[in-house]
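Novice: Pasting start14.cif below, which is mmCIF, C-alpha atoms.
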data_target
#
loop_
_atom_site.label_atom_id
_atom_site.label_comp_id
_atom_site.auth_asym_id
_atom_site.auth_seq_id
_atom_site.Cartn_x
_atom_site.Cartn_y
_atom_site.Cartn_z
CA MET A 1 97.92 135.63 105.03
CA GLU A 2 95.95 138.76 104.13
CA ASP A 3 98.25 139.28 101.20
CA ARG A 4 97.41 135.91 99.77
CA LEU A 5 93.67 136.45 100.18
CA ALA A 6 93.87 139.87 98.54
CA GLN A 7 95.84 138.38 95.66
CA GLN A 8 93.39 135.57 95.09
CA LEU A 9 90.41 137.91 95.18
CA LYS A 10 92.16 140.33 92.85
CA LYS A 11 92.92 137.62 90.33
CA GLY A 12 89.28 136.64 89.98
CA VAL A 13 87.98 140.18 89.93
CA LEU A 14 90.49 141.60 87.46
CA GLU A 15 89.32 139.50 84.52
CA MET A 16 85.79 140.73 85.23
CA LEU A 17 86.87 144.36 85.43
CA VAL A 18 89.06 144.26 82.31
CA LEU A 19 86.11 142.89 80.32
CA GLU A 20 83.90 145.59 81.83
CA LEU A 21 86.31 148.37 80.83
CA VAL A 22 86.84 147.03 77.30
CA CYS A 23 83.05 146.77 76.86
CA ARG A 24 82.63 150.41 77.84
CA LYS A 25 85.20 151.66 75.37
CA ALA A 26 87.66 150.16 72.88
CA THR A 27 91.05 150.66 74.44
CA TYR A 28 94.71 149.60 74.64
CA GLY A 29 96.77 148.05 77.41
CA TYR A 30 98.32 151.16 78.90
CA GLU A 31 94.98 152.95 79.11
CA LEU A 32 93.49 149.91 80.86
CA LEU A 33 96.31 150.01 83.43
CA GLN A 34 95.66 153.71 84.04
CA ARG A 35 91.90 153.32 84.34
CA LEU A 36 92.25 150.39 86.72
CA LYS A 37 94.68 152.32 88.88
CA GLU A 38 92.63 155.52 88.97
CA GLY A 39 89.28 153.77 89.41
CA SER A 40 90.56 151.74 92.36
CA GLU A 41 92.53 154.50 94.07
CA GLY A 42 95.71 152.55 93.56
CA LEU A 43 94.45 149.15 94.75
CA PHE A 44 94.63 147.67 91.24
CA GLN A 45 98.04 148.95 90.29
CA LEU A 46 99.18 146.40 87.74
CA LYS A 47 102.10 145.91 85.43
CA GLU A 48 101.92 144.98 81.77
CA GLY A 49 102.92 141.44 82.65
CA THR A 50 99.85 140.97 84.83
CA LEU A 51 97.44 142.52 82.35
CA TYR A 52 98.51 140.68 79.19
CA PRO A 53 97.55 137.15 80.27
CA ILE A 54 94.09 138.48 81.20
CA LEU A 55 93.70 140.16 77.80
CA TYR A 56 94.90 137.05 75.94
CA ARG A 57 92.57 134.75 77.86
CA LEU A 58 89.62 137.00 77.04
CA GLU A 59 90.72 137.18 73.41
CA ASP A 60 91.22 133.41 73.11
CA ASP A 61 87.74 132.91 74.55
CA GLY A 62 86.34 135.19 71.85
CA LEU A 63 85.09 137.81 74.30
CA ILE A 64 87.31 140.62 73.02
CA GLU A 65 89.23 141.17 69.78
CA SER A 66 92.26 143.23 68.83
CA ARG A 67 93.06 145.30 65.77
CA TRP A 68 95.60 147.92 64.78
CA SER A 69 94.33 151.45 64.79
CA GLN A 70 96.17 154.18 62.93
CA GLY A 71 96.54 157.08 65.33
CA GLU A 72 95.24 160.51 64.43
CA GLY A 73 97.76 163.11 63.35
CA ARG A 74 101.16 162.28 64.76
CA ALA A 75 99.91 159.58 67.10
CA ALA A 76 101.58 156.19 66.63
CA PRO A 77 99.48 153.17 65.54
CA LYS A 78 98.16 151.19 68.50
CA LYS A 79 96.84 147.73 69.16
CA ILE A 80 93.27 148.33 70.29
CA TYR A 81 91.03 145.85 72.10
CA SER A 82 87.27 145.95 71.70
CA ALA A 83 84.43 143.74 72.95
CA THR A 84 82.66 141.20 70.74
CA ASP A 85 78.93 140.41 71.01
CA ARG A 86 79.79 137.33 73.02
CA GLY A 87 81.92 139.52 75.27
CA ARG A 88 79.02 141.88 75.95
CA GLN A 89 76.79 138.94 76.86
CA ALA A 90 79.48 137.53 79.13
CA ARG A 91 79.83 140.92 80.79
CA LEU A 92 76.16 140.86 81.86
CA ARG A 93 76.40 137.28 83.11
CA ARG A 94 79.51 138.10 85.12
CA GLN A 95 77.86 141.16 86.57
CA LEU A 96 74.97 138.99 87.80
CA ILE A 97 77.39 136.48 89.31
CA TRP A 98 79.22 139.27 91.11
CA VAL A 99 76.05 140.90 92.49
CA GLU A 100 74.83 137.53 93.77
CA PHE A 101 78.25 136.75 95.23
CA LYS A 102 78.62 140.09 96.93
CA LYS A 103 75.11 139.93 98.42
CA THR A 104 75.80 136.48 99.86
CA VAL A 105 79.18 137.36 101.36
CA ASP A 106 77.82 140.63 102.77
CA SER A 107 74.93 138.86 104.41
CA PHE A 108 77.42 136.74 106.37
CA TYR A 109 79.37 139.76 107.53
CA GLU A 110 76.23 141.66 108.47
CA GLY A 111 75.01 138.76 110.58
CA GLY A 112 72.00 138.03 108.41
CA ASN A 113 72.87 134.35 108.22
CA GLU A 114 73.22 133.72 111.94
CA SER A 115 71.31 130.75 113.13
CA MET B 116 117.04 158.47 59.91
CA MET B 117 116.76 157.08 63.43
CA THR B 118 117.74 159.27 66.33
CA GLU B 119 119.94 158.01 69.16
CA ALA B 120 116.89 157.79 71.45
CA GLN B 121 114.94 155.73 68.90
CA LYS B 122 117.90 153.38 68.49
CA LYS B 123 118.14 152.94 72.24
CA MET B 124 114.42 152.11 72.49
CA LYS B 125 114.73 149.65 69.63
CA ARG B 126 117.66 147.92 71.34
CA TYR B 127 115.69 147.82 74.60
CA MET B 128 112.67 146.23 72.92
CA SER B 129 114.65 143.63 70.99
CA SER B 130 116.54 142.80 74.15
CA ILE B 131 113.24 142.08 75.91
CA GLU B 132 112.05 140.03 72.94
CA ARG B 133 115.20 137.89 72.98
CA LYS B 134 114.80 137.15 76.68
CA LEU B 135 111.17 136.09 76.41
CA ASN B 136 110.85 132.36 76.90
CA LEU B 137 107.64 132.03 74.89
CA PRO B 138 106.49 130.52 71.57
CA ARG B 139 106.95 132.82 68.61
CA ASP B 140 103.27 133.79 68.15
CA VAL B 141 102.85 134.65 71.84
CA LYS B 142 106.07 136.66 71.71
CA LYS B 143 104.67 138.66 68.82
CA ARG B 144 101.47 139.26 70.75
CA VAL B 145 103.39 140.54 73.78
CA MET B 146 105.74 142.72 71.75
CA THR B 147 102.94 144.45 69.79
CA ASP B 148 101.18 145.27 73.07
CA LEU B 149 104.41 146.47 74.60
CA MET B 150 105.10 148.70 71.60
CA THR B 151 101.62 150.19 71.97
CA SER B 152 102.34 150.76 75.66
CA VAL B 153 105.53 152.64 74.88
CA ALA B 154 103.78 154.77 72.22
CA ALA B 155 100.91 155.54 74.63
CA ARG B 156 103.33 156.53 77.39
CA ARG B 157 105.15 158.86 75.03
CA GLU B 158 101.87 160.46 74.02
CA ALA B 159 100.98 160.86 77.71
CA GLY B 160 104.11 163.02 77.96
CA LEU B 161 106.53 160.58 79.57
CA THR B 162 110.17 160.82 78.56
CA ASP B 163 112.00 157.68 77.41
CA GLU B 164 113.93 157.62 80.71
CA GLU B 165 110.66 157.61 82.64
CA ILE B 166 109.36 154.80 80.43
CA TYR B 167 112.47 152.69 81.15
CA GLY B 168 111.91 153.42 84.81
CA GLU B 169 108.29 152.23 84.72
CA LEU B 170 108.94 149.10 82.68
CA GLY B 171 112.20 148.25 84.44
CA SER B 172 115.40 146.99 82.86
CA ALA B 173 115.05 144.67 79.87
CA GLU B 174 116.06 141.72 82.07
CA LYS B 175 113.50 142.58 84.73
CA ALA B 176 110.69 143.32 82.28
CA ALA B 177 111.30 140.05 80.41
CA ALA B 178 111.57 138.03 83.64
CA ASP B 179 108.30 139.53 84.85
CA LEU B 180 106.56 138.69 81.57
CA ASN B 181 107.98 135.16 81.58
CA GLU B 182 106.70 134.64 85.11
CA GLN B 183 103.20 135.95 84.42
CA MET B 184 102.80 134.36 80.99
CA LYS B 185 103.65 130.83 82.14
CA GLU B 186 100.29 129.45 81.03
CA PHE B 187 101.05 130.55 77.45
CA ALA B 188 104.54 129.08 77.37
CA CYS B 189 103.22 125.66 76.24
CA ARG B 190 106.47 123.73 76.37
CA GLY B 191 105.92 120.73 74.13
CA ASN B 192 105.84 117.20 75.51
CA PRO B 193 109.45 115.93 75.55
CA TRP B 194 108.27 112.56 74.16
CA ARG B 195 107.67 114.25 70.83
CA PHE B 196 111.42 114.04 70.15
CA VAL B 197 111.24 110.24 70.32
CA PHE B 198 108.74 110.35 67.46
CA LEU B 199 110.94 112.77 65.56
CA ALA B 200 113.89 110.40 66.02
CA ILE B 201 111.81 107.48 64.73
CA ALA B 202 110.85 109.53 61.66
CA LEU B 203 114.49 110.44 61.03
CA LEU B 204 115.66 106.84 61.42
CA ALA B 205 113.00 105.68 58.97
CA LEU B 206 114.11 108.34 56.49
CA LEU B 207 117.73 107.29 56.97
CA ARG B 208 116.79 103.64 56.47
CA MET B 209 115.02 104.50 53.19
CA LEU B 210 117.98 106.53 51.93
CA CYS B 211 120.39 103.74 52.91
CA GLY B 212 118.20 101.26 51.05
CA VAL B 213 118.48 103.31 47.89
CA LEU B 214 122.21 103.87 48.32
CA ILE B 215 123.06 100.24 49.10
CA THR B 216 121.08 99.03 46.10
CA HIS B 217 122.92 101.56 44.01
CA MET B 218 126.39 100.70 45.34
CA LEU B 219 126.03 96.93 45.32
CA THR B 220 124.56 96.57 41.89
CA GLY B 221 125.52 99.82 40.22
CA MET B 222 121.89 100.28 39.39
CA THR B 223 119.35 102.88 40.43
CA GLN B 224 116.44 101.58 42.43
CA ASN B 225 114.17 101.77 39.42
CA GLU B 226 116.60 99.65 37.44
CA ALA B 227 116.89 97.24 40.33
CA ALA B 228 113.14 97.07 40.64
CA SER B 229 112.72 96.33 36.97
CA ILE B 230 114.43 92.99 37.53
CA GLY B 231 111.06 92.13 38.96
CA ILE B 232 109.80 91.92 35.39
CA ILE B 233 111.50 88.54 35.09
CA GLY B 234 109.46 87.25 37.99
CA GLY B 235 106.26 88.84 36.86
CA ALA B 236 106.46 88.81 33.10
CA ASP B 237 102.69 88.77 32.61
CA GLY B 238 101.38 92.22 31.64
CA PRO B 239 99.75 94.03 34.60
CA THR B 240 101.91 92.37 37.27
CA ALA B 241 105.06 93.43 35.46
CA VAL B 242 103.89 97.04 35.41
CA PHE B 243 103.09 96.92 39.11
CA VAL B 244 106.37 95.33 40.14
CA THR B 245 108.39 97.75 38.03
CA SER B 246 106.70 100.92 39.25
CA SER B 247 106.32 100.18 42.97
CA PRO B 248 109.32 101.09 45.14
CA GLY B 249 109.12 97.74 46.95
CA GLY B 250 107.27 96.73 50.12
CA ASN B 251 110.17 97.52 52.38
CA THR B 252 110.30 101.15 51.31
CA TRP B 253 106.55 101.53 51.82
CA PHE B 254 106.94 100.20 55.35
CA TRP B 255 109.63 102.73 56.25
CA LEU B 256 107.66 105.51 54.59
CA LEU B 257 104.68 104.63 56.80
CA VAL B 258 106.90 104.60 59.89
CA MET B 259 108.24 108.01 58.93
CA ILE B 260 104.73 109.46 58.46
CA ALA B 261 103.65 107.96 61.81
CA GLY B 262 106.71 109.50 63.49
CA ILE B 263 106.01 112.95 62.07
CA ALA B 264 102.32 112.69 62.97
CA GLY B 265 103.19 111.73 66.55
CA PHE B 266 105.64 114.61 66.80
CA LEU B 267 103.07 117.17 65.60
CA LEU B 268 100.24 115.74 67.71
CA LEU B 269 102.23 115.82 70.94
CA ARG B 270 103.32 119.36 70.29
CA ARG B 271 99.79 120.60 69.69
CA ARG B 272 98.09 118.74 72.53
CA ASP B 273 100.35 120.33 75.08
CA CYS B 274 99.60 123.82 73.81
CA LYS B 275 95.90 123.23 74.34
CA ALA B 276 96.38 121.77 77.80
CA ALA B 277 98.33 124.86 78.84
CA LYS B 278 95.47 127.24 78.12
#
The structure in this file should be written as structure tokens.
Specialist:
Amino acid sequence: MEDRLAQQLKKGVLEMLVLELVCRKATYGYELLQRLKEGSEGLFQLKEGTLYPILYRLEDDGLIESRWSQGEGRAAPKKIYSATDRGRQARLRRQLIWVEFKKTVDSFYEGGNES
Amino acid sequence: MMTEAQKKMKRYMSSIERKLNLPRDVKKRVMTDLMTSVAARREAGLTDEEIYGELGSAEKAAADLNEQMKEFACRGNPWRFVFLAIALLALLRMLCGVLITHMLTGMTQNEAASIGIIGGADGPTAVFVTSSPGGNTWFWLLVMIAGIAGFLLLRRRDCKAAK
């Protein structure tokens, strides 16, 4: 039961976090996986297969875009994702939704909504 | 010149690509990201063996991607093949029409059509009758176009619905 709840919550939150990370810095898939893992102390330990559909949905919605970047020196060329203007606007809207959501859920747990 | 390790990685990647059950453009999207992932892991100091370990065997990696990328698989509507069959039958019917005319009379269709001049010997009508391929052919041509249009429409609509 808890597993299913955690999975459902994760699914919704991940799209938000991936957009957040891409907005902060243009990046590629592997780096996103690393940053998610490190930033969540292992809670968001994803595989490529989980990340790609999130990236493609964001890209198809026009919130992020991809391009090839020639690596410096001996680095291999990489497919880099960066945020579009629409993506940066969406990031703020999503942040507001999350803050509102979190406040509401917390208020239940803290007993603020007892009648 | 490719080293043995590079060849092995190339075989691994093409093996994953072959096992992906996705439309070609989505496959390309996945493979370019996967190539970037491999390059990034190498730059982070991982050996190829460690990379294989993280990504799993080609079978496992492809199965995982297929499972997660279901919404992008956009299998076309099976009814589209009915439309394709209609288009093919119409094409066949048109070809048969030309062939039968040719075999029975020993004339090409244009020659056969020009018999129409006798019926329509007055100027403009004669030109029209001679140059048009005949109402029957137009009908089958329309059926063929409708069949192809239906085939393409059904294929596209399903892709959109899957997103």
Novice: Please identify every residue of chain A that has at least one atom no farther than 7 Å from an atom of chain B, counting only C-alpha atoms, and for each give the shortest atom pair and the distance in Å to one decimal, arranged by chain then increasing number, as JSON lines.
Specialist:
{"residue": "A:Gly29", "atom": "CA", "partner": "B:Ser152", "partner_atom": "CA", "distance": 6.4}
{"residue": "A:Tyr30", "atom": "CA", "partner": "B:Ser152", "partner_atom": "CA", "distance": 5.2}
{"residue": "A:Gly49", "atom": "CA", "partner": "B:Leu180", "partner_atom": "CA", "distance": 4.7}
{"residue": "A:Thr50", "atom": "CA", "partner": "B:Gln183", "partner_atom": "CA", "distance": 6.0}
{"residue": "A:Pro53", "atom": "CA", "partner": "B:Met184", "partner_atom": "CA", "distance": 6.0}
{"residue": "A:Ala76", "atom": "CA", "partner": "B:Ala154", "partner_atom": "CA", "distance": 6.2}
{"residue": "A:Lys78", "atom": "CA", "partner": "B:Thr151", "partner_atom": "CA", "distance": 5.0}
{"residue": "A:Lys79", "atom": "CA", "partner": "B:Thr151", "partner_atom": "CA", "distance": 6.1}
Novice: Apply the PyMOL selection byres ((chain B and resi 121-138) around 7) to the file shown and report the selected residues as a compact mmCIF listing (two decimals) with C-alpha atoms, in the frame of the given file.
Specialist:
# COMPACT_ATOMS: atom_id res chain seq x y z
CA MET B 117 116.76 157.08 63.43
CA THR B 118 117.74 159.27 66.33
CA GLU B 119 119.94 158.01 69.16
CA ALA B 120 116.89 157.79 71.45
CA ARG B 139 106.95 132.82 68.61
CA ASP B 140 103.27 133.79 68.15
CA VAL B 141 102.85 134.65 71.84
CA LYS B 142 106.07 136.66 71.71
CA MET B 146 105.74 142.72 71.75
CA ALA B 173 115.05 144.67 79.87
CA GLU B 174 116.06 141.72 82.07
CA ALA B 176 110.69 143.32 82.28
CA ALA B 177 111.30 140.05 80.41
CA ASN B 181 107.98 135.16 81.58
CA ALA B 188 104.54 129.08 77.37
Novice: Find the distance between atom CA of B:Leu199 and atom CA of B:Leu267 and write it in Å to one decimal.
Specialist: 9.0 Å
Novice: Could you give me, as a PyMOL selection string, the residues within 10 Å of stretch 89-96 of chain A, counting only C-alpha atoms and dropping anything in the same chain fewer than 3 positions from it?
Specialist: chain A and resi 13+15-23+63+83-86+99-102
Novice: Quick one: 8 Å padding each side, axis-aligned, all listed atoms of stretch 40-52 of chain A - centre and edge lengths in Å to one decimal, as lines of an AutoDock Vina configuration file?
Specialist:
center_x = 96.7
center_y = 147.6
center_z = 87.0
size_x = 28.4
size_y = 29.8
size_z = 31.6
Novice: What does the PyMOL selection byres ((chain B and resi 206) around 12) select in this file, as a PyMOL selection string?
Specialist: chain B and resi 199-205+207-213+252-263
Novice: Nearest to A:Tyr52 among A:Ala26, A:Val105, A:Ile97, A:Leu14, with distances taken over all atoms listed in the file: which residue is it?
Specialist: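 Using all atoms listed in the file, A:Tyr52 sits closest to A:Leu14.
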Novice: With all atoms listed in the file as the counted atoms, please give the residues lying no more than 9 Å from A:Trp68, apart from itself and same-chain residues fewer than 2 positions off, as a list in words.
Specialist: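 Result of the neighbour search: Ser66, Gln70, Pro77, Lys78, Lys79, Ile80 and Tyr81 of chain A.
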Novice: Take atom CA of A:Gly12 and atom CA of B:Gly171 and report the distance between them in Å, one decimal.
Specialist: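 Rounded to one decimal, the two atoms are 26.3 Å apart.
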Novice: Just to confirm, what's the straight-line distance from atom CA of A:Gln7 to atom CA of A:Tyr56 in Å (one decimal)?
Specialist: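 Separation of atom CA of A:Gln7 and atom CA of A:Tyr56: 19.8 Å.
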Novice: Which residue out of B:Ala159, B:Met218, B:Ile166, B:Met116 has the minimum interatomic distance to A:Glu31 when all atoms listed in the file are used?
Specialist: B:Ala159
